[in-house]
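Quick notes on the structure that follows.
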Amino acid sequence: MPQLDLISFLLVLLVVTAFLFALLFRYGFPERFTIFDGLRFVLVWVLFVSVVLVMNQAGRETLDPGRWQNERLFEPVVKGEILGGEKPVKNLLFGWILFPLRIFSKINVRADAVLTGVVILFLAGVFLEIVGRTIARQWQSRWTLAILIGFLFLDLMTYSIVGLVRQIGWIVFS
């Protein structure tokens, strides 16, 4: 069942991380980059992830022909059920606030997973710093930090895109 508050949350997450990535792109690297360069990079990243998702779905269609042929495809739109729920507009506009509040109690944080993530991020930073200083003599540590944080933002954007495609796919194909 598609959840409009989740769609709202994922849209806000995508927009906020794209903006933060663009700011990071501008202030984490030499002055020749602008915020618009960061937004262009985000746009290319979103298009790349979208192409990968389309290729994945095309592979599924090849393995299971006719999977997306659904006679009831536009039935929910005609009946006005596409938004579902009692208050669809409220869920779309304010779901980004309601969704985290609703699921916060269900989140389980595993200490071993957090520790593994921190160690991998630290090792990636050390490796990136060594490679950066080997390649460019004027390499700055803030560039390493900006690249690591940028990858985390790109990761969040990728999760947002995948979640949006999944939720919207449920709306369209249910």
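Ordered as shown in the structure tokens, chains take letters A, B, and onward, while each chain numbers its residues from 1 and ligands are numbered from 1 in the order shown.
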
Counting only C-alpha atoms, what is within 10 Å of region 100-103 of chain A, bar same-chain residues fewer than 3 positions away, as a VMD selection string? chain A and resid 5 to 6 9 95 to 97 106 to 107

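What separates CA of Trp143 (chain A) from CA of Leu128 (chain A) is a distance of 9.4 Å.
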
Of A:Phe127, A:Val49, A:Gly28, A:Gly38, the one nearest to Gln140 (chain A) when counting only C-alpha atoms is A:Gly28

Leaving out Val16 (chain A) and any residue of its chain fewer than 5 positions from it, which residues lie within 12 Å of it when counting only C-alpha atoms, given as a tab-separated table (two decimals) with C-alpha atoms, in the first residue's frame?
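See result_35.tsv below for the written result:
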chain	number	residue	atom	x	y	z
A	9	PHE	CA	9.15	12.55	3.25
A	10	LEU	CA	11.24	11.13	0.39
A	11	LEU	CA	10.60	14.19	-1.81
A	21	PHE	CA	25.12	18.70	-1.77
A	22	ALA	CA	25.11	21.79	-3.99
A	23	LEU	CA	26.21	23.95	-1.04
A	39	LEU	CA	22.85	21.18	-8.73
A	42	VAL	CA	22.78	16.25	-8.66
A	96	TRP	CA	7.41	14.67	5.74
A	153	PHE	CA	24.37	12.85	0.41
A	154	LEU	CA	24.39	10.99	-2.92
A	156	LEU	CA	20.58	9.50	0.66
A	157	MET	CA	19.41	10.85	-2.70
A	160	SER	CA	15.04	8.66	-1.89

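If you look at CA of Val114 (chain A) and CA of Ile149 (chain A), they are 16.2 Å away from each other.
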
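Note that the spacing between CA of Ile7 (chain A) and CA of Leu24 (chain A) amounts to 25.3 Å.
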
Do a neighbour search on Val46 (chain A) at 9 Å with only C-alpha atoms, toss out local chain neighbours closer than 4 positions, and write the hits as a list of chain:residue names. A:Phe41, A:Val42, A:Ser50, A:Val51, A:Met157, A:Thr158, A:Ile161

Okay, now the selection with C-alpha atoms, as a PDB file, in the first residue's frame?
ATOM      1  CA  PHE A  41      25.850  17.226 -10.693  1.00  0.00           C
ATOM      2  CA  VAL A  42      22.779  16.250  -8.655  1.00  0.00           C
ATOM      3  CA  SER A  50      16.775   6.676 -13.046  1.00  0.00           C
ATOM      4  CA  VAL A  51      18.431   5.016 -16.046  1.00  0.00           C
ATOM      5  CA  MET A 157      19.413  10.847  -2.703  1.00  0.00           C
ATOM      6  CA  THR A 158      19.665   7.379  -4.234  1.00  0.00           C
ATOM      7  CA  ILE A 161      14.760   8.064  -5.633  1.00  0.00           C
TER       8      ILE A 161
END
